[in-house]
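Enquirer: What follows is start.txt, made up of compact mmCIF, C-alpha atoms and all ligand atoms:
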```
# COMPACT_ATOMS: atom_id res chain seq x y z
CA MET A 22 -2.61 -0.17 -3.43
CA TRP A 23 -1.98 3.50 -3.33
CA ARG A 24 -0.28 6.16 -5.30
CA LEU A 25 0.77 9.70 -4.71
CA ALA A 26 -1.94 12.00 -5.94
CA SER A 27 0.43 13.94 -8.16
CA ALA A 28 2.32 10.94 -9.55
CA PRO A 29 2.39 10.88 -13.33
CA LEU A 30 -0.13 8.55 -14.86
CA ARG A 31 1.34 5.64 -16.73
CA PRO A 32 -0.42 3.42 -19.20
CA PHE A 33 -0.85 -0.23 -18.34
CA PRO A 34 2.15 -2.31 -19.37
CA SER A 35 1.75 -4.01 -22.71
CA ASP A 36 2.70 -7.43 -21.34
CA PRO A 37 -0.28 -9.33 -19.97
CA MET A 38 0.08 -10.15 -16.28
CA PRO A 39 -2.15 -11.91 -13.75
CA VAL A 40 -3.31 -8.60 -12.39
CA GLN A 41 -6.00 -8.96 -9.78
CA LYS A 42 -9.13 -6.90 -9.45
CA ILE A 43 -8.86 -4.24 -6.76
CA LEU A 44 -11.71 -4.13 -4.26
CA HIS A 45 -13.18 -0.71 -3.64
CA TYR A 46 -14.43 0.99 -0.49
CA PRO A 47 -16.82 0.13 1.17
CA HIS A 48 -16.13 -3.57 0.50
CA PRO A 49 -16.22 -5.33 3.91
CA ILE A 50 -12.88 -7.14 3.38
CA LEU A 51 -11.18 -3.73 3.37
CA LYS A 52 -12.53 -3.11 6.88
CA THR A 53 -11.48 -6.49 8.28
CA ILE A 54 -8.42 -7.20 10.41
CA CYS A 55 -6.32 -9.66 8.41
CA ARG A 56 -5.10 -12.98 9.77
CA PRO A 57 -1.37 -13.61 10.25
CA VAL A 58 0.35 -15.97 7.85
CA THR A 59 1.37 -19.14 9.68
CA VAL A 60 3.01 -21.16 6.90
CA MET A 61 5.00 -19.88 3.92
CA ASP A 62 3.55 -22.22 1.32
CA ASP A 63 2.71 -22.09 -2.40
CA GLU A 64 -0.49 -20.23 -1.63
CA ILE A 65 1.52 -17.38 -0.09
CA ALA A 66 4.07 -17.46 -2.92
CA ASN A 67 1.24 -17.10 -5.45
CA LEU A 68 -0.34 -14.33 -3.42
CA VAL A 69 2.97 -12.44 -3.37
CA THR A 70 3.28 -12.81 -7.15
CA ASP A 71 -0.25 -11.51 -7.64
CA LEU A 72 0.41 -8.56 -5.34
CA ILE A 73 3.60 -7.62 -7.18
CA ASP A 74 1.97 -7.91 -10.60
CA THR A 75 -1.05 -5.90 -9.47
CA MET A 76 1.17 -3.20 -7.97
CA ARG A 77 3.26 -2.97 -11.14
CA ALA A 78 0.13 -2.61 -13.26
CA GLY A 79 -1.35 0.19 -11.19
CA PRO A 80 -0.79 3.72 -12.47
CA GLY A 81 1.96 5.23 -10.30
CA SER A 82 1.32 2.57 -7.69
CA VAL A 83 3.89 2.07 -4.93
CA GLY A 84 2.20 -0.70 -2.96
CA VAL A 85 -0.68 -3.09 -2.57
CA ALA A 86 -2.01 -5.13 0.34
CA ALA A 87 -3.61 -8.58 0.23
CA PRO A 88 -7.11 -7.47 1.35
CA GLN A 89 -7.24 -5.14 -1.64
CA ILE A 90 -7.33 -8.21 -3.87
CA GLY A 91 -9.74 -10.02 -1.58
CA VAL A 92 -7.31 -12.03 0.58
CA SER A 93 -7.57 -11.33 4.29
CA LEU A 94 -3.98 -12.20 5.20
CA ARG A 95 -1.19 -10.01 6.60
CA VAL A 96 0.83 -9.64 3.40
CA CYS A 97 1.70 -6.50 1.46
CA VAL A 98 4.26 -5.30 -1.06
CA VAL A 99 5.85 -1.86 -1.39
CA ASP A 100 8.21 -0.47 -4.00
CA VAL A 101 8.81 3.27 -4.20
CA SER A 102 11.98 2.97 -6.31
CA GLN A 103 10.19 4.07 -9.49
CA SER A 104 8.49 7.08 -7.96
CA LYS A 105 9.86 10.60 -8.04
CA LEU A 106 9.60 11.06 -4.28
CA GLY A 107 11.01 7.68 -3.34
CA ARG A 108 13.65 6.82 -5.88
CA ASP A 109 16.59 8.31 -3.95
CA ASN A 110 15.73 6.66 -0.65
CA ASN A 111 14.34 3.14 -0.73
CA HIS A 112 14.93 -0.58 -0.27
CA GLY A 113 13.59 -1.56 -3.68
CA LEU A 114 10.87 -4.16 -3.67
CA LEU A 115 9.73 -5.04 -0.15
CA VAL A 116 7.64 -8.19 0.25
CA MET A 117 6.28 -8.03 3.78
CA VAL A 118 4.58 -10.96 5.47
CA ASN A 119 3.28 -10.33 9.01
CA PRO A 120 4.93 -6.89 9.19
CA GLU A 121 5.18 -5.09 12.52
CA ILE A 122 6.27 -1.54 13.22
CA LEU A 123 8.89 -1.60 15.99
CA SER A 124 9.38 2.15 16.31
CA ARG A 125 8.28 5.39 14.71
CA GLU A 126 9.64 8.92 14.68
CA GLY A 127 8.50 12.30 13.50
CA ALA A 128 5.29 13.32 11.78
CA ALA A 129 4.45 14.86 8.43
CA ILE A 130 1.34 15.37 6.37
CA MET A 131 1.23 14.06 2.82
CA ARG A 132 -1.48 13.73 0.20
CA GLU A 133 -2.40 10.07 -0.25
CA GLY A 134 -4.45 8.13 -2.70
CA CYS A 135 -5.51 4.50 -2.85
CA MET A 136 -6.71 2.24 -5.64
CA SER A 137 -9.44 1.07 -3.29
CA VAL A 138 -10.71 4.65 -2.96
CA PRO A 139 -10.54 5.74 -6.59
CA ASP A 140 -12.55 8.96 -6.31
CA TYR A 141 -10.66 10.74 -3.53
CA THR A 142 -7.27 11.75 -2.22
CA GLY A 143 -6.59 13.03 1.25
CA ASP A 144 -4.07 14.63 3.58
CA VAL A 145 -2.81 12.14 6.14
CA GLU A 146 -0.29 12.48 8.95
CA ARG A 147 2.26 9.67 9.21
CA ALA A 148 5.54 9.02 11.00
CA THR A 149 8.51 10.18 8.91
CA ALA A 150 10.77 7.30 9.94
CA ILE A 151 9.93 3.78 11.04
CA SER A 152 11.61 0.55 11.93
CA VAL A 153 9.65 -2.44 10.67
CA SER A 154 10.15 -6.18 10.99
CA PHE A 155 8.59 -8.77 8.71
CA THR A 156 9.13 -12.09 6.98
CA ASP A 157 10.23 -11.67 3.38
CA GLY A 158 9.04 -13.58 0.31
CA GLU A 159 11.68 -16.27 0.91
CA GLY A 160 10.48 -16.82 4.45
CA ILE A 161 13.45 -15.01 6.00
CA PRO A 162 12.97 -12.60 8.94
CA GLN A 163 14.02 -9.07 8.05
CA SER A 164 14.00 -5.65 9.60
CA VAL A 165 14.24 -2.37 7.76
CA GLU A 166 14.66 1.27 8.72
CA ALA A 167 12.58 3.30 6.32
CA SER A 168 12.12 7.04 6.07
CA GLY A 169 10.41 9.63 3.95
CA PHE A 170 8.13 8.48 1.18
CA GLU A 171 8.97 4.80 1.65
CA ALA A 172 8.03 4.98 5.35
CA VAL A 173 4.70 6.60 4.42
CA ALA A 174 3.98 3.93 1.80
CA ILE A 175 4.72 1.12 4.28
CA GLN A 176 2.44 2.67 6.90
CA HIS A 177 -0.35 3.04 4.32
CA GLU A 178 -0.08 -0.61 3.24
CA MET A 179 0.17 -1.90 6.80
CA ASP A 180 -2.98 0.04 7.67
CA HIS A 181 -4.83 -2.08 5.12
CA LEU A 182 -3.90 -5.19 7.14
CA ASP A 183 -5.77 -3.74 10.13
CA GLY A 184 -8.81 -2.69 8.15
CA PHE A 185 -7.88 0.98 7.93
CA LEU A 186 -8.04 3.14 4.82
CA PHE A 187 -6.50 6.57 4.45
CA LEU A 188 -10.07 7.86 4.79
CA ASP A 189 -9.89 6.82 8.44
CA ARG A 190 -6.82 8.99 8.98
CA ILE A 191 -7.66 12.20 7.12
CA VAL A 192 -6.36 15.17 9.10
CA SER A 193 -9.56 17.13 8.50
CA LEU A 194 -12.70 15.98 6.73
CA LYS A 195 -13.44 19.63 5.96
CA THR A 196 -10.12 20.60 4.41
CA GLY A 197 -8.19 17.38 3.95
CA LEU A 198 -10.34 15.37 1.54
CA PHE A 199 -10.18 15.98 -2.21
CA ARG A 200 -12.30 14.68 -5.04
CA ARG A 201 -10.12 13.13 -7.74
CA LYS A 202 -10.97 14.14 -11.26
CA ASN A 203 -8.88 11.77 -13.32
CA TYR A 204 -7.71 8.58 -11.72
CA ARG A 205 -6.62 6.95 -14.93
ZN ZN B 1 -4.34 1.75 -0.18
```
Have the structure of the file written as structure tokens, please.
Ligand SMILES: [Zn+2]
Expert:
Amino acid sequence: MWRLASAPLRPFPSDPMPVQKILHYPHPILKTICRPVTVMDDEIANLVTDLIDTMRAGPGSVGVAAPQIGVSLRVCVVDVSQSKLGRDNNHGLLVMVNPEILSREGAAIMREGCMSVPDYTGDVERATAISVSFTDGEGIPQSVEASGFEAVAIQHEMDHLDGFLFLDRIVSLKTGLFRRKNYR
């Protein structure tokens, strides 16, 4: 799960939800390449529900990936529609099983944060537009052209599926890593 460093902090929703505990760096699952999903069964449906609930509960969160809640499978969710930077250009809730980036364009540096790295934010360079294919939560193949903030969020979440954190992609360890004072 990650959030933009400057996103406004929101209190946890009052409704109780099955929010899962987020694993923190340097937990080994976060550094592991996740396995592809082979069957869309109840286990995957429950995982998707947990990911969505956990994302919604995170302060300013726009995505979460399965390894962050301890499941080493290639599943992540992204939703930038509630964020200031993403609300004008997004596909709403994206449930992505076995996502693959088909093409990427452009490059821009943005400050990123991650619930698995609660004490830091960092400047990361990402493609500004991507084409991505995946299986959705209903088991239907999809492809999406994403740009701007949504494209960045998707790339961040997909990195988790390959064992990468934003820490691995900081533009400069000297000038691009920032200690976070107040995460919540
Ligand atoms: Zn993250």
Enquirer: Which residues are near Ser124 of chain A? Cut-off 9 Å, all atoms listed in the file, ignore same chain within fewer than 4 positions. Put them as a CSV table (one decimal) with C-alpha atoms, in the frame of the given file.
Expert:
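Below is the file out-v7.csv, written as the result:
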```
chain,number,residue,atom,x,y,z
A,150,ALA,CA,10.8,7.3,9.9
A,151,ILE,CA,9.9,3.8,11.0
A,152,SER,CA,11.6,0.6,11.9
A,153,VAL,CA,9.6,-2.4,10.7
```
Enquirer: Set the distance at 7 Å and use all atoms listed in the file: which residues neighbour Pro57 of chain A once local chain neighbours fewer than 2 positions away are removed? I'd like the list as an MDAnalysis selection string.
Expert: chainID A and resid 55 59 94:95 119
Enquirer: Mind listing the residues within 9 Å of ligand ZN 1 (chain B), only C-alpha atoms and all ligand atoms counted, as a list in words?
Expert: Met22, Trp23, Arg24, Gly84, Val85, Ala86, Gln89, Glu133, Gly134, Cys135, Met136, Ser137, Val138, Ala174, His177, Glu178, Asp180, His181, Phe185, Leu186 and Phe187 of chain A
Enquirer: Using only C-alpha atoms, tabulate the residues of segment 48-150 of chain A lying at most 9 Å from any atom of segment 190-205 of chain A, each with its closest atom pair and that distance in Å to one decimal, by chain and increasing residue number, as JSON lines.
Expert:
```
{"residue": "A:Pro80", "atom": "CA", "partner": "A:Arg205", "partner_atom": "CA", "distance": 7.1}
{"residue": "A:Ile130", "atom": "CA", "partner": "A:Val192", "partner_atom": "CA", "distance": 8.2}
{"residue": "A:Arg132", "atom": "CA", "partner": "A:Gly197", "partner_atom": "CA", "distance": 8.5}
{"residue": "A:Met136", "atom": "CA", "partner": "A:Tyr204", "partner_atom": "CA", "distance": 8.8}
{"residue": "A:Pro139", "atom": "CA", "partner": "A:Tyr204", "partner_atom": "CA", "distance": 6.5}
{"residue": "A:Asp140", "atom": "CA", "partner": "A:Arg201", "partner_atom": "CA", "distance": 5.0}
{"residue": "A:Tyr141", "atom": "CA", "partner": "A:Arg200", "partner_atom": "CA", "distance": 4.5}
{"residue": "A:Thr142", "atom": "CA", "partner": "A:Phe199", "partner_atom": "CA", "distance": 5.1}
{"residue": "A:Gly143", "atom": "CA", "partner": "A:Leu198", "partner_atom": "CA", "distance": 4.4}
{"residue": "A:Asp144", "atom": "CA", "partner": "A:Gly197", "partner_atom": "CA", "distance": 5.0}
{"residue": "A:Val145", "atom": "CA", "partner": "A:Ile191", "partner_atom": "CA", "distance": 4.9}
{"residue": "A:Glu146", "atom": "CA", "partner": "A:Val192", "partner_atom": "CA", "distance": 6.6}
```
Enquirer: Restricting the calculation to all atoms listed in the file, which member of A:Glu64, A:Thr156, A:Asp183, A:Val40 is positioned closest to Ser93 of chain A?
Expert: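 Looking only at the distances to Ser93 of chain A, the closest residue turns out to be A:Asp183.
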Enquirer: Determine, using only C-alpha atoms, which residues of segment 133-158 of chain A have any atom at most 10 Å from an atom of segment 96-111 of chain A, and tabulate each with its shortest atom pair and distance in Å to one decimal place, rows ordered by chain and then rising number, as JSON lines.
Expert:
```
{"residue": "A:Phe155", "atom": "CA", "partner": "A:Val96", "partner_atom": "CA", "distance": 9.4}
{"residue": "A:Thr156", "atom": "CA", "partner": "A:Val96", "partner_atom": "CA", "distance": 9.4}
{"residue": "A:Asp157", "atom": "CA", "partner": "A:Val96", "partner_atom": "CA", "distance": 9.6}
{"residue": "A:Gly158", "atom": "CA", "partner": "A:Val96", "partner_atom": "CA", "distance": 9.6}
```
Enquirer: Smallest atom-to-atom distance to Val83 of chain A: which of A:Leu114, A:Ile54, A:Gly127, A:Leu44, using all atoms listed in the file?
Expert: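 Smallest separation from Val83 of chain A among the options: A:Leu114.
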Enquirer: Just to confirm, what's the straight-line distance from atom CA of His45 of chain A to atom CA of Gly81 of chain A in Å (one decimal)?
Expert: 17.6 Å
Enquirer: For atom CA of Val165 of chain A and atom CA of Lys42 of chain A, determine how far apart the two atoms are, in Å to one decimal place.
Expert: 29.4 Å
Enquirer: Using only C-alpha atoms, which of A:Leu68, A:Ala78, A:Ala129, A:Ala167 sits nearest Leu115 of chain A?
Expert: A:Ala167
Enquirer: Would you mind telling me which residue in A:Met117, A:Val92, A:Met131, A:Val173 lies nearest to Leu51 of chain A when using only C-alpha atoms?
Expert: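 Among A:Met117, A:Val92, A:Met131, A:Val173, it is A:Val92 that comes nearest to Leu51 of chain A.
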Enquirer: Grab the atom CA of Glu126 of chain A to atom CA of Arg77 of chain A distance for me, in Å with one decimal place.
Expert: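 So the answer is 29.1 Å.
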Enquirer: Which is closer to Arg147 of chain A than all the others in A:Gln41, A:Thr70, A:Thr75, A:Ser168, using only C-alpha atoms?
Expert: A:Ser168
Enquirer: Pick the closest to Ala87 of chain A from A:Met61, A:Leu123, A:Ala172, A:Leu182: which is it, counting only C-alpha atoms?
Expert: A:Leu182
